Amino acid sequence: MIKHIVCFKLKDKTDELVAETKKILLSMRENVPTVKDIEVGIDFLDSPRSYDVFLAVTLDSREALDIYQNDTYHVDVVKKHMHAHTESSVAIDFDI
């Protein structure tokens with residue numbers, strides 16, 4: 001199993017954008033077949049070192065991660081939204 005984690009700092013952290021972002025990220029549960037589990041968290045501390053949105057995706061294997069990264073829904077909907085609204089991000093992928 002693989003855990004894919006990404007933290008996003010949004011360009012503009014409005015309540016509407018945060019809600020839309022969370023909805024779009026969670027929509028991968030129904031639209032990206034390789035996703036086995038997904039969590040999305042929203043930061044409440046809002047410190048200078050905080051990131052705004054947390055994404056954790058569980059996948060079966062490294063091959064499934066490659067498929068996930070190139071999945072049409074992930075690329076055309078999720079990445080498109082995130083790239084348009086993200087100032088910066090950090091990621092880690094590891095075996096669980």
# chains A, B, ... in the order shown; residues from 1 in each chain; ligands from 1
$ residues_around --residues "range 52-62 of chain A" --least-positions-apart "6" --cutoff "10 Å" --atoms "only C-alpha atoms" --output "PyMOL selection string"
chain A and resi 1-13+18+21-22+25-26+28-29+33-46+68+86+89-96
$ atom_distance --atom1 "CA of Lys80 in chain A" --atom2 "CA of Leu65 in chain A"
18.2 Å
$ select_by_dssp --residues "chain A" --states "strand (DSSP E)" --output "PyMOL selection string"
chain A and resi 2-10+37-42+53-59+86-95
$ write_last_selection --atoms "C-alpha atoms" --output "PDB file, in the first residue's frame"
ATOM      1  CA  ILE A   2       1.061   3.570  -0.728  1.00  0.00           C
ATOM      2  CA  LYS A   3       0.179   6.805   1.044  1.00  0.00           C
ATOM      3  CA  HIS A   4       0.249   9.956  -1.112  1.00  0.00           C
ATOM      4  CA  ILE A   5       0.121  13.153   0.963  1.00  0.00           C
ATOM      5  CA  VAL A   6       0.004  16.714  -0.330  1.00  0.00           C
ATOM      6  CA  CYS A   7      -0.301  19.980   1.595  1.00  0.00           C
ATOM      7  CA  PHE A   8      -1.498  23.030  -0.308  1.00  0.00           C
ATOM      8  CA  LYS A   9      -1.159  26.737   0.434  1.00  0.00           C
ATOM      9  CA  LEU A  10      -3.951  28.516  -1.408  1.00  0.00           C
ATOM     10  CA  ASP A  37      -9.169   5.854   0.750  1.00  0.00           C
ATOM     11  CA  ILE A  38      -9.029   9.637   0.866  1.00  0.00           C
ATOM     12  CA  GLU A  39      -8.855  12.250   3.595  1.00  0.00           C
ATOM     13  CA  VAL A  40      -9.021  16.018   3.247  1.00  0.00           C
ATOM     14  CA  GLY A  41      -8.347  18.382   6.128  1.00  0.00           C
ATOM     15  CA  ILE A  42      -8.584  22.138   6.436  1.00  0.00           C
ATOM     16  CA  VAL A  53      -5.460  22.080   2.799  1.00  0.00           C
ATOM     17  CA  PHE A  54      -4.242  18.536   3.524  1.00  0.00           C
ATOM     18  CA  LEU A  55      -4.833  15.622   1.139  1.00  0.00           C
ATOM     19  CA  ALA A  56      -4.041  11.995   1.955  1.00  0.00           C
ATOM     20  CA  VAL A  57      -4.764   9.302  -0.617  1.00  0.00           C
ATOM     21  CA  THR A  58      -4.250   5.575  -0.074  1.00  0.00           C
ATOM     22  CA  LEU A  59      -3.459   3.431  -3.118  1.00  0.00           C
ATOM     23  CA  THR A  86      -2.454  26.948  -5.226  1.00  0.00           C
ATOM     24  CA  GLU A  87       0.409  29.212  -4.264  1.00  0.00           C
ATOM     25  CA  SER A  88       2.636  26.330  -3.178  1.00  0.00           C
ATOM     26  CA  SER A  89       2.487  22.693  -2.196  1.00  0.00           C
ATOM     27  CA  VAL A  90       4.599  19.957  -0.618  1.00  0.00           C
ATOM     28  CA  ALA A  91       4.164  16.240  -1.111  1.00  0.00           C
ATOM     29  CA  ILE A  92       5.387  12.911   0.177  1.00  0.00           C
ATOM     30  CA  ASP A  93       4.733   9.399  -1.072  1.00  0.00           C
ATOM     31  CA  PHE A  94       5.607   6.379   1.059  1.00  0.00           C
ATOM     32  CA  ASP A  95       4.934   2.695   1.572  1.00  0.00           C
TER      33      ASP A  95
END
$ select_by_dssp --residues "range 2-79 of chain A" --states "helix (DSSP H, G or I)" --output "CSV table (one decimal) with N, CA and C atoms, in the first residue's frame"
chain,number,residue,atom,x,y,z
A,15,ASP,N,-13.6,31.2,2.4
A,15,ASP,CA,-14.5,30.1,2.8
A,15,ASP,C,-15.0,29.4,1.6
A,16,GLU,N,-15.4,30.1,0.5
A,16,GLU,CA,-16.0,29.5,-0.6
A,16,GLU,C,-15.0,28.6,-1.4
A,17,LEU,N,-13.8,29.2,-1.5
A,17,LEU,CA,-12.7,28.4,-2.3
A,17,LEU,C,-12.3,27.2,-1.5
A,18,VAL,N,-12.2,27.3,-0.2
A,18,VAL,CA,-11.8,26.2,0.7
A,18,VAL,C,-12.9,25.1,0.6
A,19,ALA,N,-14.1,25.4,0.6
A,19,ALA,CA,-15.2,24.5,0.5
A,19,ALA,C,-15.2,23.8,-0.8
A,20,GLU,N,-15.1,24.6,-1.9
A,20,GLU,CA,-15.0,24.0,-3.3
A,20,GLU,C,-13.8,23.1,-3.4
A,21,THR,N,-12.7,23.5,-2.9
A,21,THR,CA,-11.5,22.7,-3.0
A,21,THR,C,-11.7,21.3,-2.3
A,22,LYS,N,-12.2,21.4,-1.1
A,22,LYS,CA,-12.4,20.1,-0.3
A,22,LYS,C,-13.4,19.2,-1.1
A,23,LYS,N,-14.5,19.8,-1.7
A,23,LYS,CA,-15.4,19.0,-2.4
A,23,LYS,C,-14.8,18.4,-3.7
A,24,ILE,N,-14.0,19.1,-4.4
A,24,ILE,CA,-13.3,18.6,-5.6
A,24,ILE,C,-12.3,17.5,-5.2
A,25,LEU,N,-11.5,17.7,-4.2
A,25,LEU,CA,-10.6,16.7,-3.8
A,25,LEU,C,-11.3,15.4,-3.3
A,26,LEU,N,-12.4,15.5,-2.5
A,26,LEU,CA,-13.1,14.4,-2.1
A,26,LEU,C,-13.8,13.7,-3.2
A,28,MET,N,-12.7,12.7,-5.8
A,28,MET,CA,-11.9,11.6,-6.4
A,28,MET,C,-12.3,10.2,-5.9
A,29,ARG,N,-12.9,10.2,-4.7
A,29,ARG,CA,-13.4,8.9,-4.1
A,29,ARG,C,-14.3,8.2,-5.1
A,30,GLU,N,-15.2,8.9,-5.8
A,30,GLU,CA,-16.1,8.3,-6.7
A,30,GLU,C,-15.6,8.3,-8.2
A,31,ASN,N,-14.6,9.1,-8.5
A,31,ASN,CA,-14.2,9.3,-9.9
A,31,ASN,C,-12.8,8.7,-10.3
A,62,ARG,N,2.7,1.2,-6.0
A,62,ARG,CA,3.4,2.3,-6.8
A,62,ARG,C,2.9,2.4,-8.2
A,63,GLU,N,2.5,1.3,-8.8
A,63,GLU,CA,1.9,1.3,-10.1
A,63,GLU,C,0.5,2.0,-10.1
A,64,ALA,N,-0.2,1.8,-9.0
A,64,ALA,CA,-1.5,2.5,-8.9
A,64,ALA,C,-1.3,4.0,-8.7
A,65,LEU,N,-0.2,4.4,-8.0
A,65,LEU,CA,0.1,5.8,-7.9
A,65,LEU,C,0.4,6.4,-9.3
A,66,ASP,N,1.1,5.7,-10.1
A,66,ASP,CA,1.4,6.2,-11.5
A,66,ASP,C,0.1,6.4,-12.3
A,67,ILE,N,-0.8,5.4,-12.1
A,67,ILE,CA,-2.1,5.4,-12.8
A,67,ILE,C,-2.9,6.6,-12.3
A,68,TYR,N,-2.9,6.8,-10.9
A,68,TYR,CA,-3.6,7.9,-10.3
A,68,TYR,C,-3.1,9.2,-10.8
A,69,GLN,N,-1.8,9.4,-10.9
A,69,GLN,CA,-1.2,10.7,-11.3
A,69,GLN,C,-1.6,11.0,-12.8
A,70,ASN,N,-1.9,10.0,-13.6
A,70,ASN,CA,-2.3,10.3,-15.0
A,70,ASN,C,-3.8,10.1,-15.3
A,72,THR,N,-7.5,10.6,-16.0
A,72,THR,CA,-8.2,11.7,-16.7
A,72,THR,C,-8.9,12.7,-15.7
A,73,TYR,N,-9.7,12.1,-14.8
A,73,TYR,CA,-10.4,13.0,-13.9
A,73,TYR,C,-9.4,13.8,-13.0
A,74,HIS,N,-8.4,13.1,-12.5
A,74,HIS,CA,-7.5,13.7,-11.6
A,74,HIS,C,-6.8,14.8,-12.3
A,75,VAL,N,-6.4,14.6,-13.6
A,75,VAL,CA,-5.7,15.6,-14.4
A,75,VAL,C,-6.6,16.8,-14.8
A,76,ASP,N,-7.8,16.4,-15.4
A,76,ASP,CA,-8.6,17.4,-16.0
A,76,ASP,C,-9.5,18.2,-15.0
A,77,VAL,N,-9.8,17.6,-13.9
A,77,VAL,CA,-10.6,18.3,-12.9
A,77,VAL,C,-9.8,18.8,-11.7
A,78,VAL,N,-9.2,17.8,-11.0
A,78,VAL,CA,-8.6,18.1,-9.7
A,78,VAL,C,-7.3,18.9,-9.9
A,79,LYS,N,-6.4,18.4,-10.7
A,79,LYS,CA,-5.1,19.2,-10.9
A,79,LYS,C,-5.4,20.6,-11.5
